[in-house]
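Asker: Handing over final-v9.cif, mmCIF, C-alpha atoms (C1' of nucleotides).
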```cif
data_structure
#
loop_
_atom_site.label_atom_id
_atom_site.label_comp_id
_atom_site.auth_asym_id
_atom_site.auth_seq_id
_atom_site.Cartn_x
_atom_site.Cartn_y
_atom_site.Cartn_z
CA MET A 1 -2.14 -141.90 36.40
CA LYS A 2 -2.03 -145.68 36.30
CA LYS A 3 1.62 -145.64 37.04
CA GLN A 4 0.89 -143.70 40.16
CA TYR A 5 -1.67 -146.18 41.39
CA LEU A 6 0.71 -148.99 40.78
CA PHE A 7 3.49 -147.14 42.48
CA TYR A 8 1.51 -146.43 45.59
CA GLY A 9 0.18 -149.92 45.67
CA LEU A 10 3.67 -151.29 45.57
CA ILE A 11 4.90 -148.94 48.24
CA LEU A 12 2.02 -149.88 50.44
CA GLY A 13 2.54 -153.54 49.87
CA ALA A 14 6.23 -153.28 50.57
CA LEU A 15 5.61 -151.45 53.78
CA MET A 16 3.08 -154.02 54.86
CA ILE A 17 5.55 -156.77 54.31
CA LEU A 18 8.16 -154.83 56.16
CA MET A 19 5.77 -154.46 59.03
CA ARG A 20 5.24 -158.16 59.05
CA LEU A 21 8.90 -158.89 59.17
CA ILE A 22 9.52 -156.52 62.00
CA GLU A 23 6.60 -157.95 63.81
CA TYR A 24 7.94 -161.41 63.45
CA ARG A 25 11.06 -160.38 65.19
CA PHE A 26 9.21 -159.35 68.25
CA LEU A 27 6.92 -162.34 68.25
CA ILE A 28 4.58 -160.51 70.47
CA ARG A 29 1.15 -160.81 69.07
CA SER A 30 -1.12 -163.31 67.53
CA HIS A 31 -2.08 -163.36 63.91
CA VAL A 32 -5.59 -162.37 64.72
CA PHE A 33 -4.39 -158.98 65.60
CA GLU A 34 -2.58 -158.50 62.35
CA LEU A 35 -5.53 -159.64 60.38
CA TYR A 36 -7.73 -157.28 62.27
CA GLY A 37 -5.37 -154.38 61.73
CA GLY A 38 -4.95 -155.12 58.07
CA LEU A 39 -8.65 -155.33 57.55
CA ILE A 40 -9.23 -152.06 59.29
CA ALA A 41 -6.50 -150.46 57.28
CA LEU A 42 -7.94 -151.67 54.02
CA LEU A 43 -11.46 -150.71 54.96
CA PHE A 44 -10.65 -147.22 56.01
CA MET A 45 -8.25 -146.73 53.19
CA GLY A 46 -11.09 -147.54 50.84
CA LEU A 47 -13.46 -145.34 52.72
CA GLY A 48 -10.96 -142.52 52.60
CA LEU A 49 -10.37 -143.01 48.91
CA TRP A 50 -14.05 -142.90 48.21
CA ALA A 51 -14.62 -139.88 50.38
CA GLY A 52 -11.65 -138.04 48.97
CA ARG A 53 -12.88 -138.63 45.47
CA LYS A 54 -16.37 -137.60 46.33
CA PHE A 55 -15.39 -134.35 47.96
CA THR A 56 -12.83 -133.43 45.40
CA GLN A 57 -15.03 -133.76 42.39
CA LYS A 58 -17.53 -131.36 43.78
CA ARG A 59 -15.18 -128.78 45.05
CA ALA A 60 -12.79 -128.62 42.18
CA PRO A 61 -14.93 -127.06 39.44
CA VAL A 62 -14.57 -123.36 39.34
CA GLU A 63 -17.87 -121.74 39.93
CA ILE A 64 -18.58 -118.64 37.97
CA VAL A 65 -19.53 -115.90 40.33
CA GLN A 66 -22.32 -113.74 39.12
CA VAL A 67 -21.50 -110.10 39.33
CA PRO A 68 -24.52 -107.92 40.11
CA PRO A 69 -25.26 -105.11 37.70
CA PRO A 70 -22.81 -102.33 38.45
CA VAL A 71 -24.95 -99.36 39.29
CA PHE A 72 -23.10 -96.41 40.59
CA ASP A 73 -24.25 -95.71 44.12
CA GLU A 74 -22.88 -92.63 45.78
CA ASN A 75 -24.56 -93.38 49.08
CA LYS A 76 -22.50 -96.45 49.63
CA ILE A 77 -19.38 -94.37 49.48
CA ASN A 78 -20.60 -92.31 52.36
CA ASP A 79 -21.90 -95.32 54.21
CA LEU A 80 -18.49 -96.86 54.16
CA GLY A 81 -16.86 -93.60 55.14
CA ILE A 82 -14.69 -93.45 52.09
CA SER A 83 -13.07 -90.07 51.67
CA LYS A 84 -12.58 -88.18 48.46
CA ARG A 85 -8.94 -88.97 48.09
CA GLU A 86 -9.49 -92.59 48.93
CA LEU A 87 -12.09 -92.80 46.22
CA GLU A 88 -9.63 -91.42 43.70
CA VAL A 89 -7.15 -94.04 44.69
CA LEU A 90 -9.82 -96.70 44.49
CA GLN A 91 -10.73 -95.66 40.99
CA LEU A 92 -7.16 -95.91 39.86
CA ILE A 93 -6.78 -99.27 41.54
CA VAL A 94 -9.85 -100.54 39.76
CA GLN A 95 -8.39 -99.29 36.50
CA GLY A 96 -5.46 -101.58 37.10
CA HIS A 97 -2.78 -99.10 38.06
CA SER A 98 0.06 -99.98 40.39
CA ASN A 99 0.66 -97.99 43.54
CA GLN A 100 3.60 -96.25 41.93
CA GLU A 101 1.51 -95.23 38.94
CA ILE A 102 -1.17 -93.91 41.24
CA ALA A 103 1.40 -91.97 43.21
CA ASP A 104 2.74 -90.40 40.03
CA ARG A 105 -0.66 -89.52 38.75
CA LEU A 106 -1.89 -87.95 41.98
CA PHE A 107 1.47 -86.30 42.71
CA ILE A 108 1.76 -87.93 46.09
CA SER A 109 4.30 -90.33 47.51
CA LEU A 110 4.13 -94.08 47.24
CA ASN A 111 3.77 -94.28 51.00
CA THR A 112 0.71 -92.10 50.91
CA VAL A 113 -0.88 -94.28 48.31
CA LYS A 114 -0.22 -97.24 50.52
CA THR A 115 -1.84 -95.50 53.45
CA HIS A 116 -4.90 -94.67 51.40
CA SER A 117 -5.21 -98.13 50.00
CA ALA A 118 -4.73 -99.68 53.41
CA ARG A 119 -7.63 -97.63 54.79
CA LEU A 120 -9.59 -98.46 51.69
CA PHE A 121 -9.09 -102.16 52.18
CA GLU A 122 -10.21 -101.82 55.76
CA LYS A 123 -13.40 -100.09 54.76
CA LEU A 124 -14.08 -102.50 51.97
CA GLU A 125 -13.18 -105.39 54.23
CA VAL A 126 -10.72 -106.88 51.82
CA ASN A 127 -7.04 -107.63 51.97
CA SER A 128 -5.86 -107.22 48.41
CA ARG A 129 -6.41 -104.89 45.51
CA THR A 130 -7.91 -107.58 43.35
CA LYS A 131 -10.55 -108.25 45.96
CA ALA A 132 -11.03 -104.51 46.30
CA ILE A 133 -11.73 -104.32 42.60
CA ASN A 134 -14.41 -106.96 42.94
CA ARG A 135 -15.90 -105.35 45.97
CA ALA A 136 -15.97 -101.93 44.36
CA GLN A 137 -17.73 -103.29 41.31
CA GLU A 138 -20.14 -105.24 43.47
CA LEU A 139 -21.05 -102.22 45.52
CA GLY A 140 -21.24 -99.93 42.52
CA LEU A 141 -18.66 -97.60 43.96
CA ILE A 142 -17.20 -96.89 40.59
CA ARG A 143 -18.65 -95.21 37.54
CA VAL A 144 -18.44 -97.58 34.64
CA ASN A 145 -19.09 -95.02 31.90
CA MET B 146 8.31 -135.34 40.73
CA LYS B 147 10.79 -137.87 41.91
CA LYS B 148 11.19 -135.87 45.02
CA GLN B 149 7.50 -136.02 45.60
CA TYR B 150 7.39 -139.77 45.39
CA LEU B 151 10.26 -139.99 47.75
CA PHE B 152 8.56 -137.59 50.07
CA TYR B 153 5.34 -139.53 50.14
CA GLY B 154 7.22 -142.72 50.61
CA LEU B 155 9.08 -141.29 53.52
CA ILE B 156 5.94 -139.92 55.09
CA LEU B 157 4.32 -143.29 54.79
CA GLY B 158 7.33 -145.00 56.20
CA ALA B 159 7.53 -142.57 59.06
CA LEU B 160 3.92 -143.16 59.89
CA MET B 161 4.43 -146.86 59.89
CA ILE B 162 7.34 -146.57 62.22
CA LEU B 163 5.37 -144.25 64.44
CA MET B 164 2.66 -146.82 64.57
CA ARG B 165 5.10 -149.45 65.65
CA LEU B 166 6.56 -147.29 68.33
CA ILE B 167 3.23 -146.36 69.76
CA GLU B 168 2.20 -149.94 69.62
CA TYR B 169 5.25 -150.98 71.48
CA ARG B 170 4.71 -148.53 74.25
CA PHE B 171 1.19 -149.66 74.89
CA LEU B 172 1.87 -153.30 74.54
CA ILE B 173 1.85 -153.98 78.20
CA ARG B 174 -1.50 -152.43 78.80
CA SER B 175 -4.78 -154.00 78.12
CA HIS B 176 -6.50 -151.78 75.62
CA VAL B 177 -3.85 -152.07 73.00
CA PHE B 178 -6.08 -153.79 70.57
CA GLU B 179 -8.69 -151.11 70.29
CA LEU B 180 -6.19 -148.31 70.39
CA TYR B 181 -4.13 -149.83 67.68
CA GLY B 182 -7.14 -150.51 65.54
CA GLY B 183 -8.38 -146.98 65.91
CA LEU B 184 -5.02 -145.62 65.05
CA ILE B 185 -4.77 -147.71 61.96
CA ALA B 186 -8.24 -146.68 60.97
CA LEU B 187 -7.44 -143.01 61.35
CA LEU B 188 -4.15 -143.17 59.58
CA PHE B 189 -5.44 -145.06 56.60
CA MET B 190 -8.56 -143.02 56.46
CA GLY B 191 -6.37 -139.95 56.17
CA LEU B 192 -4.14 -141.61 53.64
CA GLY B 193 -7.15 -142.63 51.60
CA LEU B 194 -8.59 -139.17 51.76
CA TRP B 195 -5.37 -137.68 50.60
CA ALA B 196 -4.91 -140.22 47.85
CA GLY B 197 -8.46 -139.86 46.64
CA ARG B 198 -8.06 -136.16 46.46
CA LYS B 199 -4.74 -136.43 44.75
CA PHE B 200 -5.86 -138.85 42.12
CA THR B 201 -9.03 -137.10 41.17
CA GLN B 202 -7.73 -133.60 41.19
CA LYS B 203 -7.04 -133.43 37.51
CA ARG B 204 -10.29 -134.64 36.16
CA ALA B 205 -12.73 -132.57 38.08
CA PRO B 206 -11.85 -129.02 37.13
CA VAL B 207 -12.32 -129.70 33.45
CA GLU B 208 -16.06 -129.66 33.80
CA ILE B 209 -16.55 -125.94 34.10
CA VAL B 210 -16.07 -125.20 30.47
CA GLN B 211 -19.36 -126.69 29.41
CA VAL B 212 -21.42 -124.49 31.70
CA PRO B 213 -23.69 -122.64 29.29
CA PRO B 214 -24.53 -118.98 29.94
CA PRO B 215 -22.23 -117.21 27.53
CA VAL B 216 -22.14 -113.63 26.42
CA PHE B 217 -18.45 -113.77 26.28
CA ASP B 218 -16.31 -114.12 23.23
CA GLU B 219 -14.85 -117.55 22.97
CA ASN B 220 -13.05 -116.75 19.77
CA LYS B 221 -10.79 -114.31 21.49
CA ILE B 222 -9.69 -116.99 23.88
CA ASN B 223 -8.63 -119.11 20.99
CA ASP B 224 -7.13 -116.18 19.16
CA LEU B 225 -4.91 -115.45 22.09
CA GLY B 226 -4.04 -119.09 22.50
CA ILE B 227 -5.30 -119.28 26.03
CA SER B 228 -5.58 -122.85 27.24
CA LYS B 229 -8.33 -124.31 29.33
CA ARG B 230 -6.36 -124.33 32.52
CA GLU B 231 -5.11 -120.84 31.95
CA LEU B 232 -8.66 -119.67 31.53
CA GLU B 233 -9.60 -121.22 34.83
CA VAL B 234 -6.79 -119.38 36.50
CA LEU B 235 -7.80 -116.18 34.78
CA GLN B 236 -11.34 -116.53 36.04
CA LEU B 237 -10.13 -116.94 39.58
CA ILE B 238 -7.80 -114.00 39.25
CA VAL B 239 -10.65 -111.87 37.98
CA GLN B 240 -12.68 -112.99 40.96
CA GLY B 241 -10.00 -111.52 43.16
CA HIS B 242 -8.29 -114.63 44.47
CA SER B 243 -4.64 -114.71 45.41
CA ASN B 244 -2.31 -117.19 43.78
CA GLN B 245 -2.32 -119.28 46.93
CA GLU B 246 -6.09 -119.39 46.99
CA ILE B 247 -6.13 -120.41 43.35
CA ALA B 248 -3.60 -123.12 44.03
CA ASP B 249 -5.73 -124.47 46.87
CA ARG B 250 -8.87 -124.40 44.85
CA LEU B 251 -7.43 -126.09 41.81
CA PHE B 252 -5.35 -128.50 43.87
CA ILE B 253 -2.15 -127.47 42.19
CA SER B 254 1.00 -125.95 43.59
CA LEU B 255 1.62 -122.26 43.97
CA ASN B 256 4.41 -122.55 41.43
CA THR B 257 2.06 -123.93 38.85
CA VAL B 258 -0.36 -121.11 39.36
CA LYS B 259 2.48 -118.71 38.83
CA THR B 260 3.43 -120.41 35.61
CA HIS B 261 -0.12 -120.23 34.33
CA SER B 262 -0.54 -116.63 35.29
CA ALA B 263 2.79 -115.68 33.77
CA ARG B 264 1.76 -117.17 30.43
CA LEU B 265 -1.59 -115.50 30.81
CA PHE B 266 -0.02 -112.11 31.31
CA GLU B 267 2.12 -112.66 28.25
CA LYS B 268 -0.87 -113.47 26.13
CA LEU B 269 -2.90 -110.62 27.51
CA GLU B 270 0.09 -108.32 27.16
CA VAL B 271 -0.08 -107.12 30.73
CA ASN B 272 2.29 -107.22 33.66
CA SER B 273 0.04 -107.42 36.67
CA ARG B 274 -3.07 -109.22 37.76
CA THR B 275 -5.02 -106.01 38.13
CA LYS B 276 -4.31 -105.07 34.55
CA ALA B 277 -5.16 -108.59 33.53
CA ILE B 278 -8.55 -108.16 35.15
CA ASN B 279 -9.17 -105.05 33.11
CA ARG B 280 -7.97 -106.64 29.93
CA ALA B 281 -10.09 -109.73 30.45
CA GLN B 282 -13.16 -107.64 30.98
CA GLU B 283 -12.34 -105.51 27.96
CA LEU B 284 -11.94 -108.49 25.70
CA GLY B 285 -14.98 -110.28 27.05
CA LEU B 286 -12.91 -113.27 28.05
CA ILE B 287 -14.95 -113.74 31.17
CA ARG B 288 -18.59 -114.48 31.62
CA VAL B 289 -19.99 -111.47 33.37
CA ASN B 290 -23.75 -111.79 33.01
"C1'" DG C 291 3.50 -145.73 19.55
"C1'" DC C 292 5.15 -141.06 18.76
"C1'" DC C 293 5.01 -136.20 18.81
"C1'" DA C 294 3.44 -131.69 20.23
"C1'" DA C 295 0.91 -129.15 23.36
"C1'" DA C 296 -0.58 -128.59 27.85
"C1'" DA C 297 0.01 -129.03 32.61
"C1'" DT C 298 2.71 -129.59 36.41
"C1'" DC C 299 6.49 -128.27 39.70
"C1'" DA C 300 10.93 -126.29 41.31
"C1'" DC C 301 14.27 -122.59 42.38
"C1'" DC C 302 15.91 -118.08 42.25
"C1'" DC C 303 15.65 -113.25 42.25
"C1'" DA C 304 13.52 -108.71 42.13
"C1'" DA C 305 9.66 -105.75 42.51
"C1'" DA C 306 5.24 -104.66 44.28
"C1'" DA C 307 1.87 -104.89 47.61
"C1'" DG C 308 0.35 -105.11 52.22
"C1'" DT C 309 0.78 -104.34 57.55
"C1'" DA C 310 1.85 -101.75 61.56
"C1'" DT C 311 3.02 -97.66 63.73
"C1'" DG C 312 4.00 -92.96 64.36
"C1'" DA C 313 4.06 -88.29 63.03
"C1'" DC C 314 2.55 -83.67 61.40
"C1'" DA C 315 -0.08 -80.07 59.02
"C1'" DA C 316 -4.50 -78.36 56.99
"C1'" DT C 317 -9.37 -78.07 57.27
"C1'" DC C 318 -13.72 -77.84 59.21
"C1'" DA C 319 -17.41 -78.26 62.59
"C1'" DC C 320 -18.85 -76.91 66.94
"C1'" DG D 321 -9.57 -72.80 69.72
"C1'" DT D 322 -10.38 -77.40 70.28
"C1'" DG D 323 -11.11 -81.75 68.53
"C1'" DA D 324 -11.99 -84.74 64.77
"C1'" DT D 325 -11.11 -85.78 60.18
"C1'" DT D 326 -8.38 -85.91 56.26
"C1'" DG D 327 -4.34 -85.94 53.76
"C1'" DT D 328 0.31 -86.37 53.77
"C1'" DC D 329 4.75 -88.92 54.55
"C1'" DA D 330 8.09 -92.05 56.82
"C1'" DT D 331 10.32 -96.37 58.50
"C1'" DA D 332 10.45 -101.09 59.05
"C1'" DC D 333 8.94 -105.44 58.09
"C1'" DT D 334 6.39 -109.45 55.90
"C1'" DT D 335 3.94 -111.40 52.19
"C1'" DT D 336 2.60 -111.66 47.55
"C1'" DT D 337 3.54 -111.13 42.73
"C1'" DG D 338 6.07 -111.24 38.70
"C1'" DG D 339 9.99 -112.82 35.68
"C1'" DG D 340 13.18 -116.14 34.06
"C1'" DT D 341 14.71 -120.85 33.42
"C1'" DG D 342 14.56 -125.60 33.25
"C1'" DA D 343 12.49 -129.88 33.93
"C1'" DT D 344 9.11 -133.82 34.06
"C1'" DT D 345 4.63 -135.66 33.29
"C1'" DT D 346 0.15 -135.96 31.13
"C1'" DT D 347 -2.81 -135.57 27.34
"C1'" DG D 348 -4.56 -135.60 22.75
"C1'" DG D 349 -4.10 -136.13 17.93
"C1'" DC D 350 -2.32 -138.65 14.20
#
```
How would this structure read if it were set down as structure tokens?
Answerer:
Amino acid sequence: MKKQYLFYGLILGALMILMRLIEYRFLIRSHVFELYGGLIALLFMGLGLWAGRKFTQKRAPVEIVQVPPPVFDENKINDLGISKRELEVLQLIVQGHSNQEIADRLFISLNTVKTHSARLFEKLEVNSRTKAINRAQELGLIRVN
Amino acid sequence: MKKQYLFYGLILGALMILMRLIEYRFLIRSHVFELYGGLIALLFMGLGLWAGRKFTQKRAPVEIVQVPPPVFDENKINDLGISKRELEVLQLIVQGHSNQEIADRLFISLNTVKTHSARLFEKLEVNSRTKAINRAQELGLIRVN
DNA sequence: GCCAAAATCACCCAAAAGTATGACAATCAC
DNA sequence: GTGATTGTCATACTTTTGGGTGATTTTGGC
């Protein structure tokens, strides 16, 4: 970690010096300007550093999401317009089966499973099976027995 | 890692050069000073933000482990040899996040998330994230309450 | 300070999952 | 018997995951 700081410091310093040299060649502006720019750079760099640190430390910790008690609720299934077959697929998804496994178990093609799961995801308003698992447990769509 | 340094260096250099170019173009006009200052401010603010985030990313996530409410079995985590970071990843997987989302949240690369999850799957003796979710819930590796 | 474990990242390849669209038959309500 | 719904399947394509390997860096314990 310290090495990194040092490294970046050096890079920054080197670039600053480089800037100076180039600037000298053009001889266009007064030193006031450079001072001003440097100061601004330093100031905002510091501000950025501070802000970055501040935001990062709060966002980084992984919050543990509380899962509501999974109570099986048949009404929700109807509310969401989930069909019988879709529910079967959902159950197998929640149990951790792959699409191929589900296809084999229900004696339907892989494509059909995909169709069902796609519709399922739509109705559950998710875009992946892992999120569907969460959502299903949240909503109590699945019997936990 | 070397590549990364180089990359950052180049980015920085490129920005510097860009600054110079822009500066040159506006030299003739009157409001150069303010423009230039603002630009510097913005650039370094961004740089600072990035750096602050980068440098603090590793420390922050560690905190979660001490959060109290446990009805989960910590012994099993040790038994299986699951590391702290791996557990974090597991928690996010169980919560339904994609690898990319996990990477973003933990401020690590997608590749790293894959490495963690691969080891995780090994230790949990599964071969997919959905099965890992089941297994984690079975073993009580995750705080559910 | 050194060593081992943990964490990070990269690259490649293959498999699985997801998206979009279209099609067709069975069932059921009206 | 018509229309809507459901279930089935396909093709094509993109994205995500998973598996394997190797490497560097950081951390923690001794």
Asker: Using all atoms listed in the file, which residues of chain A come within 12 Å of chain C, and what is the closest atom pair for each, with the distance in Å to one decimal? Give it as a tab-separated table, sorted by chain and residue number.
Answerer:
```
residue	atom	partner	partner_atom	distance
A:Ile93	CA	C:DA307	C1'	12.0
A:His97	CA	C:DA306	C1'	11.6
A:Ser98	CA	C:DA306	C1'	8.0
A:Asn99	CA	C:DA307	C1'	8.1
A:Gln100	CA	C:DA306	C1'	8.9
A:Glu101	CA	C:DA306	C1'	11.5
A:Leu110	CA	C:DA306	C1'	11.0
A:Asn111	CA	C:DA307	C1'	11.3
A:Val113	CA	C:DA307	C1'	11.0
A:Lys114	CA	C:DG308	C1'	8.1
A:Thr115	CA	C:DG308	C1'	9.9
A:His116	CA	C:DG308	C1'	11.7
A:Ser117	CA	C:DG308	C1'	9.2
A:Ala118	CA	C:DG308	C1'	7.5
A:Arg119	CA	C:DT309	C1'	11.1
A:Leu120	CA	C:DG308	C1'	12.0
A:Phe121	CA	C:DG308	C1'	9.9
A:Glu122	CA	C:DT309	C1'	11.4
A:Val126	CA	C:DG308	C1'	11.2
A:Asn127	CA	C:DG308	C1'	7.8
A:Ser128	CA	C:DG308	C1'	7.6
A:Arg129	CA	C:DA307	C1'	8.5
A:Thr130	CA	C:DA307	C1'	11.0
```
Asker: Can those selected residues be exported to a file as a short mmCIF file (atom, residue, chain, number, x, y, z; two decimals), in the coordinates of the input so that it contains C-alpha atoms?
Answerer:
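Everything below was put into part_4.cif:
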```cif
data_model
loop_
_atom_site.label_atom_id
_atom_site.label_comp_id
_atom_site.auth_asym_id
_atom_site.auth_seq_id
_atom_site.Cartn_x
_atom_site.Cartn_y
_atom_site.Cartn_z
CA ILE A 93 -6.78 -99.27 41.54
CA HIS A 97 -2.78 -99.10 38.06
CA SER A 98 0.06 -99.98 40.39
CA ASN A 99 0.66 -97.99 43.54
CA GLN A 100 3.60 -96.25 41.93
CA GLU A 101 1.51 -95.23 38.94
CA LEU A 110 4.13 -94.08 47.24
CA ASN A 111 3.77 -94.28 51.00
CA VAL A 113 -0.88 -94.28 48.31
CA LYS A 114 -0.22 -97.24 50.52
CA THR A 115 -1.84 -95.50 53.45
CA HIS A 116 -4.90 -94.67 51.40
CA SER A 117 -5.21 -98.13 50.00
CA ALA A 118 -4.73 -99.68 53.41
CA ARG A 119 -7.63 -97.63 54.79
CA LEU A 120 -9.59 -98.46 51.69
CA PHE A 121 -9.09 -102.16 52.18
CA GLU A 122 -10.21 -101.82 55.76
CA VAL A 126 -10.72 -106.88 51.82
CA ASN A 127 -7.04 -107.63 51.97
CA SER A 128 -5.86 -107.22 48.41
CA ARG A 129 -6.41 -104.89 45.51
CA THR A 130 -7.91 -107.58 43.35
#
```
Asker: Return the padded bounding box of segment 296-315 of chain C as AutoDock Vina command-line options: axis-aligned, built from all atoms listed in the file, 3 Å added on each side, with centre and edge lengths in Å to one decimal.
Answerer:
```
--center_x 7.7 --center_y -104.8 --center_z 46.1 --size_x 22.5 --size_y 55.5 --size_z 42.5
```
Asker: Can you work out which residues from chain D touch chain A at a cut-off of 12 Å (counting only C-alpha atoms (C1' of nucleotides)) and hand them back as a list in words?
Answerer: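 In the required form, that comes to DT325, DT326, DG327, DT328, DC329, DA330, DT331, DT335, DT336, DT337, DT345, DT346 and DT347 of chain D.
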Asker: In Å, how far is it from atom CA of Ile222 of chain B to atom CA of Glu270 of chain B?
Answerer: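 Between these atoms lies a distance of 13.5 Å.
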Asker: What gap, in Å, lies between atom CA of Asn134 of chain A and atom CA of Val94 of chain A?
Answerer: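 Taking atom CA of Asn134 of chain A and atom CA of Val94 of chain A, their separation equals 8.5 Å.
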Asker: Go through B:Leu166, B:Leu284, B:Asn220, B:Lys268 and flag the residue nearest chain A, using only C-alpha atoms for the distances.
Answerer: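 The shortest atom-to-atom distance to chain A comes from B:Leu166.
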Asker: Hey, can you check how far atom CA of Glu88 of chain A sits from atom CA of Ile278 of chain B?
Answerer: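 Interatomic distance here is 18.8 Å.
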